[in-house]
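Student: I am sharing upload.pdb, which consists of PDB, C-alpha atoms:
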```pdb
MODEL        1
ATOM      1  CA  MET B   1      41.703  78.990 184.868
ATOM      2  CA  GLY B   2      39.646  76.872 187.228
ATOM      3  CA  PRO B   3      40.856  75.829 190.661
ATOM      4  CA  MET B   4      42.044  72.418 189.450
ATOM      5  CA  THR B   5      43.246  73.352 185.972
ATOM      6  CA  THR B   6      46.344  71.358 185.142
ATOM      7  CA  PRO B   7      48.715  72.540 182.421
ATOM      8  CA  GLY B   8      49.784  70.350 179.509
ATOM      9  CA  ILE B   9      52.805  70.253 177.224
ATOM     10  CA  ASP B  10      51.371  73.053 175.054
ATOM     11  CA  ASP B  11      51.246  75.294 178.156
ATOM     12  CA  VAL B  12      54.903  74.508 178.884
ATOM     13  CA  ARG B  13      55.870  75.307 175.298
ATOM     14  CA  LEU B  14      53.902  78.566 175.441
ATOM     15  CA  ALA B  15      55.610  79.401 178.733
ATOM     16  CA  ALA B  16      59.021  78.813 177.142
ATOM     17  CA  VAL B  17      58.242  81.414 174.472
ATOM     18  CA  ARG B  18      56.712  83.861 176.969
ATOM     19  CA  ILE B  19      59.640  83.818 179.401
ATOM     20  CA  ALA B  20      62.485  83.566 176.868
ATOM     21  CA  PRO B  21      63.251  87.328 176.901
ATOM     22  CA  PHE B  22      63.589  87.342 180.698
ATOM     23  CA  VAL B  23      65.204  84.082 181.862
ATOM     24  CA  HIS B  24      68.599  82.473 181.364
ATOM     25  CA  ARG B  25      68.826  79.369 179.224
ATOM     26  CA  THR B  26      70.955  77.644 181.838
ATOM     27  CA  PRO B  27      73.856  75.372 180.909
ATOM     28  CA  VAL B  28      74.022  71.594 181.237
ATOM     29  CA  MET B  29      77.162  70.364 182.986
ATOM     30  CA  THR B  30      78.831  66.957 183.184
ATOM     31  CA  SER B  31      81.483  65.285 185.323
ATOM     32  CA  ALA B  32      83.274  62.108 184.299
ATOM     33  CA  SER B  33      83.978  61.264 187.946
ATOM     34  CA  LEU B  34      80.289  61.623 188.874
ATOM     35  CA  ASP B  35      79.331  59.506 185.859
ATOM     36  CA  ALA B  36      81.663  56.810 187.193
ATOM     37  CA  LEU B  37      80.154  57.031 190.684
ATOM     38  CA  VAL B  38      76.594  56.781 189.367
ATOM     39  CA  GLY B  39      77.360  54.205 186.685
ATOM     40  CA  ALA B  40      75.544  56.262 184.060
ATOM     41  CA  PRO B  41      76.107  59.553 182.246
ATOM     42  CA  VAL B  42      74.609  62.380 184.335
ATOM     43  CA  ARG B  43      73.523  65.688 182.809
ATOM     44  CA  PHE B  44      73.140  68.480 185.374
ATOM     45  CA  LYS B  45      70.648  71.221 184.436
ATOM     46  CA  CYS B  46      72.114  74.215 186.225
ATOM     47  CA  GLU B  47      69.107  76.129 187.509
ATOM     48  CA  HIS B  48      71.237  77.420 190.380
ATOM     49  CA  LEU B  49      72.634  79.732 187.674
ATOM     50  CA  GLN B  50      69.155  81.018 186.830
ATOM     51  CA  ARG B  51      68.280  84.639 187.597
ATOM     52  CA  ALA B  52      67.376  85.019 191.288
ATOM     53  CA  GLY B  53      69.407  81.863 191.864
ATOM     54  CA  ALA B  54      66.768  79.190 191.285
ATOM     55  CA  PHE B  55      64.353  77.562 188.822
ATOM     56  CA  LYS B  56      61.575  79.459 190.610
ATOM     57  CA  TYR B  57      62.204  82.474 188.393
ATOM     58  CA  ARG B  58      60.760  80.533 185.451
ATOM     59  CA  GLY B  59      57.361  79.915 187.037
ATOM     60  CA  ALA B  60      57.172  83.356 188.625
ATOM     61  CA  THR B  61      58.006  85.053 185.333
ATOM     62  CA  ASN B  62      55.457  82.999 183.407
ATOM     63  CA  ALA B  63      52.717  83.789 185.925
ATOM     64  CA  VAL B  64      53.553  87.516 186.098
ATOM     65  CA  GLN B  65      53.893  87.954 182.338
ATOM     66  CA  ALA B  66      50.599  86.089 181.762
ATOM     67  CA  LEU B  67      48.604  88.640 183.808
ATOM     68  CA  ASP B  68      46.514  91.174 181.908
ATOM     69  CA  ALA B  69      47.577  94.796 182.364
ATOM     70  CA  ALA B  70      44.792  95.760 184.780
ATOM     71  CA  THR B  71      45.399  92.778 187.043
ATOM     72  CA  ALA B  72      49.172  93.198 186.947
ATOM     73  CA  ALA B  73      48.878  96.840 187.996
ATOM     74  CA  ARG B  74      47.423  95.720 191.346
ATOM     75  CA  GLY B  75      50.683  93.916 192.104
ATOM     76  CA  VAL B  76      51.385  90.343 193.126
ATOM     77  CA  ALA B  77      51.741  88.557 196.462
ATOM     78  CA  ALA B  78      52.817  85.171 197.772
ATOM     79  CA  HIS B  79      54.068  83.343 200.797
ATOM     80  CA  SER B  80      57.433  81.655 200.479
ATOM     81  CA  SER B  81      60.332  80.384 202.563
ATOM     82  CA  GLY B  82      62.718  82.064 200.170
ATOM     83  CA  ASN B  83      63.337  81.173 196.537
ATOM     84  CA  HIS B  84      59.830  81.938 195.246
ATOM     85  CA  ALA B  85      59.904  85.193 197.200
ATOM     86  CA  ALA B  86      63.051  86.383 195.401
ATOM     87  CA  ALA B  87      61.864  85.051 192.055
ATOM     88  CA  LEU B  88      58.462  86.727 192.285
ATOM     89  CA  ALA B  89      60.059  89.972 193.454
ATOM     90  CA  LEU B  90      62.388  90.035 190.445
ATOM     91  CA  ALA B  91      59.620  89.002 188.038
ATOM     92  CA  ALA B  92      57.416  91.801 189.384
ATOM     93  CA  ALA B  93      60.231  94.356 189.232
ATOM     94  CA  THR B  94      60.920  93.321 185.646
ATOM     95  CA  ARG B  95      57.305  94.070 184.761
ATOM     96  CA  GLY B  96      57.298  97.223 186.900
ATOM     97  CA  ILE B  97      54.600  96.153 189.374
ATOM     98  CA  PRO B  98      54.535  95.891 193.188
ATOM     99  CA  CYS B  99      55.326  92.648 194.999
ATOM    100  CA  HIS B 100      54.476  91.585 198.567
ATOM    101  CA  VAL B 101      55.923  88.429 200.084
ATOM    102  CA  VAL B 102      55.046  86.775 203.368
ATOM    103  CA  MET B 103      57.995  84.863 204.822
ATOM    104  CA  PRO B 104      58.315  82.807 208.009
ATOM    105  CA  ALA B 105      60.374  84.631 210.617
ATOM    106  CA  ASP B 106      62.905  81.774 210.608
ATOM    107  CA  ALA B 107      63.522  81.933 206.852
ATOM    108  CA  PRO B 108      67.259  82.231 206.140
ATOM    109  CA  GLU B 109      68.486  85.811 206.398
ATOM    110  CA  ALA B 110      70.079  85.552 202.963
ATOM    111  CA  LYS B 111      66.716  84.700 201.389
ATOM    112  CA  GLN B 112      64.895  87.499 203.213
ATOM    113  CA  ALA B 113      67.570  89.955 202.074
ATOM    114  CA  ALA B 114      67.352  88.732 198.480
ATOM    115  CA  ALA B 115      63.591  89.331 198.307
ATOM    116  CA  ARG B 116      64.038  92.847 199.668
ATOM    117  CA  ALA B 117      66.940  93.548 197.310
ATOM    118  CA  TYR B 118      64.711  92.714 194.334
ATOM    119  CA  GLY B 119      62.157  95.222 195.578
ATOM    120  CA  ALA B 120      59.615  93.149 197.472
ATOM    121  CA  THR B 121      57.821  94.321 200.576
ATOM    122  CA  VAL B 122      58.558  91.498 203.027
ATOM    123  CA  VAL B 123      56.075  90.683 205.802
ATOM    124  CA  LEU B 124      57.326  88.214 208.426
ATOM    125  CA  CYS B 125      55.020  85.768 210.204
ATOM    126  CA  GLU B 126      55.109  82.782 212.534
ATOM    127  CA  PRO B 127      56.766  79.749 210.890
ATOM    128  CA  THR B 128      53.588  77.713 210.350
ATOM    129  CA  LEU B 129      51.637  77.112 207.152
ATOM    130  CA  ALA B 130      48.502  78.406 208.862
ATOM    131  CA  ALA B 131      50.212  81.669 209.833
ATOM    132  CA  ARG B 132      51.622  82.081 206.336
ATOM    133  CA  ALA B 133      48.180  81.636 204.755
ATOM    134  CA  GLU B 134      46.489  83.951 207.253
ATOM    135  CA  THR B 135      49.100  86.699 206.867
ATOM    136  CA  LEU B 136      48.975  86.453 203.079
ATOM    137  CA  ALA B 137      45.173  86.783 203.145
ATOM    138  CA  GLU B 138      45.572  89.997 205.161
ATOM    139  CA  VAL B 139      48.153  91.365 202.699
ATOM    140  CA  VAL B 140      45.962  90.561 199.677
ATOM    141  CA  ALA B 141      42.911  92.151 201.335
ATOM    142  CA  ARG B 142      44.893  95.270 202.214
ATOM    143  CA  THR B 143      46.731  95.757 198.914
ATOM    144  CA  GLY B 144      44.468  94.229 196.268
ATOM    145  CA  ALA B 145      47.439  92.246 194.959
ATOM    146  CA  VAL B 146      46.829  88.969 193.133
ATOM    147  CA  GLU B 147      48.259  85.833 194.750
ATOM    148  CA  ILE B 148      50.851  83.892 192.785
ATOM    149  CA  HIS B 149      51.148  80.624 194.684
ATOM    150  CA  PRO B 150      54.673  79.134 194.860
ATOM    151  CA  TYR B 151      53.537  75.858 193.256
ATOM    152  CA  ASP B 152      49.747  75.389 193.254
ATOM    153  CA  HIS B 153      49.247  77.528 190.137
ATOM    154  CA  PRO B 154      48.997  76.295 186.537
ATOM    155  CA  ASP B 155      51.131  79.093 185.076
ATOM    156  CA  VAL B 156      53.820  78.525 187.718
ATOM    157  CA  ILE B 157      53.863  74.771 187.030
ATOM    158  CA  ALA B 158      54.080  75.354 183.269
ATOM    159  CA  GLY B 159      56.950  77.778 183.785
ATOM    160  CA  GLN B 160      58.888  75.328 185.940
ATOM    161  CA  GLY B 161      58.485  72.702 183.223
ATOM    162  CA  THR B 162      60.538  74.820 180.832
ATOM    163  CA  ALA B 163      63.741  73.756 182.624
ATOM    164  CA  THR B 164      63.164  70.153 181.538
ATOM    165  CA  LEU B 165      62.033  71.233 178.071
ATOM    166  CA  GLU B 166      65.424  72.934 177.691
ATOM    167  CA  LEU B 167      67.308  70.017 179.246
ATOM    168  CA  LEU B 168      65.853  67.592 176.712
ATOM    169  CA  GLU B 169      66.782  69.937 173.855
ATOM    170  CA  GLN B 170      70.328  70.254 175.219
ATOM    171  CA  ALA B 171      70.727  66.556 176.124
ATOM    172  CA  PRO B 172      68.266  64.588 173.947
ATOM    173  CA  ALA B 173      69.627  61.198 175.060
ATOM    174  CA  VAL B 174      68.354  61.698 178.649
ATOM    175  CA  ARG B 175      66.075  58.799 179.608
ATOM    176  CA  THR B 176      65.519  59.629 183.308
ATOM    177  CA  VAL B 177      64.939  63.040 184.867
ATOM    178  CA  VAL B 178      65.354  63.533 188.621
ATOM    179  CA  ALA B 179      64.174  66.670 190.424
ATOM    180  CA  PRO B 180      63.653  67.599 194.072
ATOM    181  CA  VAL B 181      60.078  67.750 195.353
ATOM    182  CA  SER B 182      58.515  70.044 197.930
ATOM    183  CA  GLY B 183      55.117  71.412 196.944
ATOM    184  CA  GLY B 184      55.474  69.610 193.635
ATOM    185  CA  GLY B 185      55.485  72.534 191.206
ATOM    186  CA  LEU B 186      58.899  71.728 189.737
ATOM    187  CA  LEU B 187      58.333  67.973 189.688
ATOM    188  CA  SER B 188      54.868  68.378 188.109
ATOM    189  CA  GLY B 189      56.267  70.666 185.417
ATOM    190  CA  THR B 190      59.148  68.245 184.925
ATOM    191  CA  ALA B 191      56.757  65.329 184.361
ATOM    192  CA  ILE B 192      54.563  67.300 181.951
ATOM    193  CA  ALA B 193      57.564  68.499 179.934
ATOM    194  CA  ALA B 194      59.345  65.133 179.913
ATOM    195  CA  HIS B 195      56.324  63.028 178.987
ATOM    196  CA  GLY B 196      55.114  65.643 176.495
ATOM    197  CA  THR B 197      58.488  65.268 174.788
ATOM    198  CA  ASP B 198      58.759  61.473 175.154
ATOM    199  CA  PRO B 199      56.269  59.425 177.223
ATOM    200  CA  SER B 200      58.906  56.721 177.854
ATOM    201  CA  ILE B 201      61.177  58.996 179.907
ATOM    202  CA  SER B 202      61.251  58.109 183.620
ATOM    203  CA  VAL B 203      60.510  60.994 185.987
ATOM    204  CA  ILE B 204      61.671  60.629 189.581
ATOM    205  CA  GLY B 205      61.330  62.980 192.528
ATOM    206  CA  ALA B 206      63.715  63.129 195.468
ATOM    207  CA  GLU B 207      62.879  64.465 198.909
ATOM    208  CA  PRO B 208      64.377  64.445 202.403
ATOM    209  CA  ALA B 209      63.278  61.447 204.474
ATOM    210  CA  ASN B 210      62.524  63.977 207.244
ATOM    211  CA  VAL B 211      59.791  65.562 205.126
ATOM    212  CA  ASP B 212      58.575  62.633 203.054
ATOM    213  CA  ASP B 213      54.960  63.722 202.541
ATOM    214  CA  ALA B 214      55.177  63.469 198.730
ATOM    215  CA  HIS B 215      56.480  59.897 198.925
ATOM    216  CA  ARG B 216      53.723  58.927 201.352
ATOM    217  CA  SER B 217      50.987  60.852 199.520
ATOM    218  CA  LEU B 218      51.746  59.071 196.252
ATOM    219  CA  ALA B 219      51.813  55.708 198.040
ATOM    220  CA  ALA B 220      48.464  56.419 199.742
ATOM    221  CA  GLY B 221      46.804  57.988 196.711
ATOM    222  CA  ARG B 222      45.746  60.990 198.803
ATOM    223  CA  LEU B 223      47.357  63.996 200.462
ATOM    224  CA  VAL B 224      49.324  63.044 203.575
ATOM    225  CA  THR B 225      50.473  66.176 205.367
ATOM    226  CA  ASP B 226      51.630  65.011 208.792
ATOM    227  CA  ARG B 227      55.410  64.820 209.012
ATOM    228  CA  ASN B 228      58.504  66.200 210.636
ATOM    229  CA  THR B 229      59.211  69.756 209.482
ATOM    230  CA  THR B 230      62.983  70.077 209.783
ATOM    231  CA  SER B 231      65.608  69.430 207.133
ATOM    232  CA  ILE B 232      68.836  71.012 206.004
ATOM    233  CA  ALA B 233      67.000  71.298 202.664
ATOM    234  CA  ASP B 234      65.045  74.321 203.878
ATOM    235  CA  ALA B 235      63.416  74.942 200.471
ATOM    236  CA  LEU B 236      61.707  71.535 200.526
ATOM    237  CA  LEU B 237      59.412  71.919 203.532
ATOM    238  CA  ALA B 238      56.114  72.529 201.700
ATOM    239  CA  VAL B 239      53.490  69.833 201.129
ATOM    240  CA  LEU B 240      51.902  68.755 197.848
ATOM    241  CA  SER B 241      48.595  70.306 196.762
ATOM    242  CA  GLU B 242      45.661  68.371 195.333
ATOM    243  CA  ARG B 243      46.691  69.706 191.906
ATOM    244  CA  THR B 244      50.341  68.649 192.086
ATOM    245  CA  LEU B 245      49.439  65.279 193.618
ATOM    246  CA  SER B 246      47.009  64.606 190.770
ATOM    247  CA  ILE B 247      49.650  65.513 188.160
ATOM    248  CA  LEU B 248      52.344  63.357 189.774
ATOM    249  CA  SER B 249      49.893  60.455 190.120
ATOM    250  CA  ALA B 250      48.733  60.758 186.511
ATOM    251  CA  HIS B 251      52.344  60.701 185.319
ATOM    252  CA  GLN B 252      53.221  57.773 187.629
ATOM    253  CA  VAL B 253      56.123  59.691 189.148
ATOM    254  CA  GLU B 254      58.186  57.792 191.720
ATOM    255  CA  VAL B 255      59.612  59.639 194.733
ATOM    256  CA  VAL B 256      62.733  58.443 196.557
ATOM    257  CA  THR B 257      63.767  59.686 199.984
ATOM    258  CA  VAL B 258      67.246  60.584 201.212
ATOM    259  CA  THR B 259      68.773  61.167 204.628
ATOM    260  CA  GLU B 260      70.261  64.411 205.890
ATOM    261  CA  ASP B 261      73.787  62.917 205.694
ATOM    262  CA  GLU B 262      73.148  61.831 202.098
ATOM    263  CA  ILE B 263      72.071  65.376 201.216
ATOM    264  CA  VAL B 264      75.282  66.838 202.697
ATOM    265  CA  ASP B 265      77.408  64.225 200.918
ATOM    266  CA  ALA B 266      75.726  65.015 197.585
ATOM    267  CA  MET B 267      76.170  68.738 198.168
ATOM    268  CA  ALA B 268      79.878  68.197 198.767
ATOM    269  CA  LEU B 269      80.133  66.179 195.553
ATOM    270  CA  VAL B 270      78.613  69.019 193.536
ATOM    271  CA  PHE B 271      81.014  71.497 195.151
ATOM    272  CA  GLU B 272      84.037  69.239 194.645
ATOM    273  CA  ARG B 273      83.388  67.658 191.269
ATOM    274  CA  LEU B 274      81.287  70.234 189.392
ATOM    275  CA  LYS B 275      82.835  73.227 191.207
ATOM    276  CA  GLN B 276      79.321  74.642 191.574
ATOM    277  CA  VAL B 277      77.752  76.287 194.620
ATOM    278  CA  VAL B 278      74.309  74.759 195.207
ATOM    279  CA  GLU B 279      71.961  74.835 198.160
ATOM    280  CA  PRO B 280      71.110  71.614 200.034
ATOM    281  CA  SER B 281      67.698  71.391 198.359
ATOM    282  CA  ALA B 282      69.393  71.173 194.948
ATOM    283  CA  ALA B 283      71.746  68.444 196.160
ATOM    284  CA  VAL B 284      68.717  66.328 197.103
ATOM    285  CA  ALA B 285      68.268  65.392 193.424
ATOM    286  CA  LEU B 286      71.808  63.980 193.139
ATOM    287  CA  ALA B 287      71.327  62.237 196.497
ATOM    288  CA  GLY B 288      68.189  60.690 194.989
ATOM    289  CA  VAL B 289      70.168  59.362 192.021
ATOM    290  CA  ALA B 290      72.736  57.868 194.416
ATOM    291  CA  ALA B 291      69.911  56.232 196.395
ATOM    292  CA  LEU B 292      68.511  54.684 193.207
ATOM    293  CA  VAL B 293      71.929  53.291 192.307
ATOM    294  CA  ARG B 294      72.312  51.759 195.772
ATOM    295  CA  THR B 295      68.965  49.983 195.527
ATOM    296  CA  GLY B 296      69.540  48.427 192.108
ATOM    297  CA  ALA B 297      71.011  48.853 188.664
ATOM    298  CA  PRO B 298      71.883  52.356 187.484
ATOM    299  CA  PRO B 299      69.098  54.045 185.543
ATOM    300  CA  PRO B 300      69.161  53.219 181.818
ATOM    301  CA  GLY B 301      70.673  55.801 179.475
ATOM    302  CA  GLU B 302      71.581  59.329 180.439
ATOM    303  CA  VAL B 303      70.226  60.773 183.687
ATOM    304  CA  GLY B 304      69.129  64.405 183.858
ATOM    305  CA  VAL B 305      69.405  66.062 187.271
ATOM    306  CA  ILE B 306      67.755  69.412 187.966
ATOM    307  CA  LEU B 307      70.106  71.428 190.200
ATOM    308  CA  SER B 308      67.246  73.558 191.463
ATOM    309  CA  GLY B 309      68.914  76.441 193.279
ATOM    310  CA  GLY B 310      72.086  78.038 194.556
ATOM    311  CA  ASN B 311      70.866  80.347 197.292
ATOM    312  CA  VAL B 312      72.989  78.847 200.016
ATOM    313  CA  ASP B 313      73.946  80.614 203.224
ATOM    314  CA  LEU B 314      77.734  80.455 202.916
ATOM    315  CA  ALA B 315      78.132  81.177 206.634
ATOM    316  CA  ALA B 316      76.220  78.002 207.474
ATOM    317  CA  LEU B 317      77.761  75.429 205.162
ATOM    318  CA  PRO B 318      77.344  71.967 206.730
ATOM    319  CA  PHE B 319      80.891  70.757 206.164
ATOM    320  CA  ASP B 320      83.146  69.550 208.957
ATOM    321  CA  ARG B 321      86.443  71.412 208.796
ATOM    322  CA  ARG B 322      87.953  69.279 211.554
ATOM    323  CA  VAL B 323      88.585  66.513 209.019
ATOM    324  CA  THR B 324      92.023  67.093 207.376
ATOM    325  CA  GLY B 325      91.457  70.838 207.716
ATOM    326  CA  THR B 326      89.414  70.970 204.498
ATOM    327  CA  SER B 327      85.753  71.104 203.659
ATOM    328  CA  ALA B 328      85.125  67.377 203.722
ATOM    329  CA  PRO B 329      81.447  66.616 204.138
ATOM    330  CA  ALA B 330      80.166  65.804 207.590
ATOM    331  CA  GLY B 331      80.667  62.158 208.389
ATOM    332  CA  ARG B 332      83.145  61.469 205.628
ATOM    333  CA  GLY B 333      86.464  60.194 206.957
ATOM    334  CA  LYS B 334      84.894  59.298 210.304
ATOM    335  CA  ARG B 335      83.007  56.171 209.240
TER
ENDMDL
END
```
Would you mind writing the file out in structure tokens?

Tutor:
Amino acid sequence: MGPMTTPGIDDVRLAAVRIAPFVHRTPVMTSASLDALVGAPVRFKCEHLQRAGAFKYRGATNAVQALDAATAARGVAAHSSGNHAAALALAAATRGIPCHVVMPADAPEAKQAAARAYGATVVLCEPTLAARAETLAEVVARTGAVEIHPYDHPDVIAGQGTATLELLEQAPAVRTVVAPVSGGGLLSGTAIAAHGTDPSISVIGAEPANVDDAHRSLAAGRLVTDRNTTSIADALLAVLSERTLSILSAHQVEVVTVTEDEIVDAMALVFERLKQVVEPSAAVALAGVAALVRTGAPPPGEVGVILSGGNVDLAALPFDRRVTGTSAPAGRGKR
């Protein structure tokens, strides 16, 4: 495929068939109390229950399984802050090929350990995008492995879109789909799958206000990459690519931003109401729905929320145990 190839709905459908033997068809969960809070029925697509703990396994599996035998034998490589690293490692192990992942030295220990546990060779680098790219180039040159980019790759994008394809089969009344956005692979796949199924479905991205490059890029009609680089949602620190920006623009995707406190509050709601362990980056999507409700009427019809991952560091949960001695979210009970 060319450098700016963008997948379509047929690619997502093909991906769904290709990855079916390897991935979980994750459940869709509901909560009457969350429906009441949002003012609309919410359908949670539980990708935190996916193999390797995140939706990323879909795109990684599609890309790895699409390789011809000779290329696959050389192995695969990528840079990733965590979830793509584990997903690619497992996808490679499943196909029986080597995997090399470059991770920033400050990536969560749990995510580094997961990549190693799935069989990847982990190479640590300075926590900058430039260092990640440079180190990956060295690894590829040394090993001959083929790069599988975390999001700027048509097969990865098509694979991520299968989560929404499934969601709309499981909950056909969904009229709005909300997903977190970082590099835009999930959100691009979401838009392609949703609009390929029904062009009238609204597709909305949610991202931390601290790292709002997608929101600003879409507003400017060009890539905007300057921004703060810290958020509790550590999986959402990447920036859009030209490919993902063009897909999101073509599909007229709106991106809403949420504060760090709103992310923690949403994470607590998922823990408390759904009884599901999700990472902060997954809670961003529910925080985005809450932000939409605050700014106007609830979205029409059922709302689909992609709970993107569950690879949370349990030792670093952001809940304040000083409030009533329980895990109330930070800020709650003190306002």

Student: Taking the file as shown, find all residues satisfying the PyMOL selection byres ((chain B and resi 43) around 8) and write them as a VMD selection string.

Tutor: chain B and resid 28 to 30 41 to 42 44 to 45 171 174 302 to 305

Student: Atoms to include: C-alpha atoms. Write the selected residues as a PDB file, in the frame of the given file.

Tutor:
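The result, written out as again-v6.pdb:
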```
ATOM      1  CA  VAL B  28      74.022  71.594 181.237  1.00  0.00           C
ATOM      2  CA  MET B  29      77.162  70.364 182.986  1.00  0.00           C
ATOM      3  CA  THR B  30      78.831  66.957 183.184  1.00  0.00           C
ATOM      4  CA  PRO B  41      76.107  59.553 182.246  1.00  0.00           C
ATOM      5  CA  VAL B  42      74.609  62.380 184.335  1.00  0.00           C
ATOM      6  CA  PHE B  44      73.140  68.480 185.374  1.00  0.00           C
ATOM      7  CA  LYS B  45      70.648  71.221 184.436  1.00  0.00           C
ATOM      8  CA  ALA B 171      70.727  66.556 176.124  1.00  0.00           C
ATOM      9  CA  VAL B 174      68.354  61.698 178.649  1.00  0.00           C
ATOM     10  CA  GLU B 302      71.581  59.329 180.439  1.00  0.00           C
ATOM     11  CA  VAL B 303      70.226  60.773 183.687  1.00  0.00           C
ATOM     12  CA  GLY B 304      69.129  64.405 183.858  1.00  0.00           C
ATOM     13  CA  VAL B 305      69.405  66.062 187.271  1.00  0.00           C
TER      14      VAL B 305
END
```

Student: Can you pull out the residues contacting range 84-89 of chain B? Cut-off 9 Å, using all atoms listed in the file, and skip same-chain residues under 4 positions away; I want them as an MDAnalysis selection string.

Tutor: chainID B and resid 51:61 64 76:80 93:94 98:103 111:122 148:151

Student: What do you get, as a PDB file with C-alpha atoms, keeping the file's coordinate frame, if you spell out every residue that the PyMOL selection byres ((chain B and resi 239) around 6) selects here?

Tutor:
```pdb
ATOM      1  CA  SER B 182      58.515  70.044 197.930  1.00  0.00           C
ATOM      2  CA  GLY B 183      55.117  71.412 196.944  1.00  0.00           C
ATOM      3  CA  ALA B 238      56.114  72.529 201.700  1.00  0.00           C
ATOM      4  CA  LEU B 240      51.902  68.755 197.848  1.00  0.00           C
TER       5      LEU B 240
END
```

Student: I need the residue set behind the PyMOL selection byres ((chain B and resi 31) around 12) for this file; please write it as a PDB file with C-alpha atoms, in the coordinates of the input.

Tutor:
```pdb
ATOM      1  CA  VAL B  28      74.022  71.594 181.237  1.00  0.00           C
ATOM      2  CA  MET B  29      77.162  70.364 182.986  1.00  0.00           C
ATOM      3  CA  THR B  30      78.831  66.957 183.184  1.00  0.00           C
ATOM      4  CA  ALA B  32      83.274  62.108 184.299  1.00  0.00           C
ATOM      5  CA  SER B  33      83.978  61.264 187.946  1.00  0.00           C
ATOM      6  CA  LEU B  34      80.289  61.623 188.874  1.00  0.00           C
ATOM      7  CA  ASP B  35      79.331  59.506 185.859  1.00  0.00           C
ATOM      8  CA  ALA B  36      81.663  56.810 187.193  1.00  0.00           C
ATOM      9  CA  LEU B  37      80.154  57.031 190.684  1.00  0.00           C
ATOM     10  CA  VAL B  38      76.594  56.781 189.367  1.00  0.00           C
ATOM     11  CA  GLY B  39      77.360  54.205 186.685  1.00  0.00           C
ATOM     12  CA  ALA B  40      75.544  56.262 184.060  1.00  0.00           C
ATOM     13  CA  PRO B  41      76.107  59.553 182.246  1.00  0.00           C
ATOM     14  CA  VAL B  42      74.609  62.380 184.335  1.00  0.00           C
ATOM     15  CA  ARG B  43      73.523  65.688 182.809  1.00  0.00           C
ATOM     16  CA  PHE B  44      73.140  68.480 185.374  1.00  0.00           C
ATOM     17  CA  LEU B 269      80.133  66.179 195.553  1.00  0.00           C
ATOM     18  CA  VAL B 270      78.613  69.019 193.536  1.00  0.00           C
ATOM     19  CA  PHE B 271      81.014  71.497 195.151  1.00  0.00           C
ATOM     20  CA  GLU B 272      84.037  69.239 194.645  1.00  0.00           C
ATOM     21  CA  ARG B 273      83.388  67.658 191.269  1.00  0.00           C
ATOM     22  CA  LEU B 274      81.287  70.234 189.392  1.00  0.00           C
ATOM     23  CA  LYS B 275      82.835  73.227 191.207  1.00  0.00           C
ATOM     24  CA  GLN B 276      79.321  74.642 191.574  1.00  0.00           C
TER      25      GLN B 276
END
```

Student: Using all atoms listed in the file and a cutoff of 9 Å, can you tell me which residues are near (60.4, 64.1, 204.6) in the file's coordinates, and write them out as a PDB file with C-alpha atoms, keeping the file's coordinate frame?

Tutor:
```pdb
ATOM      1  CA  GLU B 207      62.879  64.465 198.909  1.00  0.00           C
ATOM      2  CA  PRO B 208      64.377  64.445 202.403  1.00  0.00           C
ATOM      3  CA  ALA B 209      63.278  61.447 204.474  1.00  0.00           C
ATOM      4  CA  ASN B 210      62.524  63.977 207.244  1.00  0.00           C
ATOM      5  CA  VAL B 211      59.791  65.562 205.126  1.00  0.00           C
ATOM      6  CA  ASP B 212      58.575  62.633 203.054  1.00  0.00           C
ATOM      7  CA  ASP B 213      54.960  63.722 202.541  1.00  0.00           C
ATOM      8  CA  ALA B 214      55.177  63.469 198.730  1.00  0.00           C
ATOM      9  CA  HIS B 215      56.480  59.897 198.925  1.00  0.00           C
ATOM     10  CA  ARG B 227      55.410  64.820 209.012  1.00  0.00           C
ATOM     11  CA  ASN B 228      58.504  66.200 210.636  1.00  0.00           C
ATOM     12  CA  THR B 229      59.211  69.756 209.482  1.00  0.00           C
ATOM     13  CA  THR B 230      62.983  70.077 209.783  1.00  0.00           C
ATOM     14  CA  SER B 231      65.608  69.430 207.133  1.00  0.00           C
ATOM     15  CA  LEU B 236      61.707  71.535 200.526  1.00  0.00           C
ATOM     16  CA  LEU B 237      59.412  71.919 203.532  1.00  0.00           C
ATOM     17  CA  THR B 257      63.767  59.686 199.984  1.00  0.00           C
ATOM     18  CA  VAL B 258      67.246  60.584 201.212  1.00  0.00           C
ATOM     19  CA  THR B 259      68.773  61.167 204.628  1.00  0.00           C
TER      20      THR B 259
END
```

Student: Can you tell me which residues surround Ala66 in chain B at a distance of at most 9 Å, considering all atoms listed in the file, apart from same-chain residues fewer than 4 positions away, and format the answer as a JSON list (two decimals) with C-alpha atoms, in the frame of the given file?

Tutor:
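What landed in part.json:
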```json
[["chain", "number", "residue", "atom", "x", "y", "z"],
["B", 15, "ALA", "CA", 55.61, 79.40, 178.73],
["B", 18, "ARG", "CA", 56.71, 83.86, 176.97],
["B", 61, "THR", "CA", 58.01, 85.05, 185.33],
["B", 62, "ASN", "CA", 55.46, 83.00, 183.41],
["B", 72, "ALA", "CA", 49.17, 93.20, 186.95],
["B", 155, "ASP", "CA", 51.13, 79.09, 185.08]]
```

Student: Enter the distance from CA of Pro300 in chain B to CA of Val253 in chain B, in Å, rounded to one decimal.

Tutor: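 According to the coordinates, CA of Pro300 in chain B and CA of Val253 in chain B are separated by 16.3 Å.
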
Student: Figure out the distance between CA of Pro104 in chain B and CA of Leu124 in chain B, please, to one decimal in Å.

Tutor: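 Spanning CA of Leu124 in chain B to CA of Pro104 in chain B is a straight-line distance of 5.5 Å.
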
Student: CA of Val139 in chain B to CA of Val123 in chain B: how many Å, to one decimal?

Tutor: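 Calculated distance between CA of Val139 in chain B and CA of Val123 in chain B is 8.5 Å.
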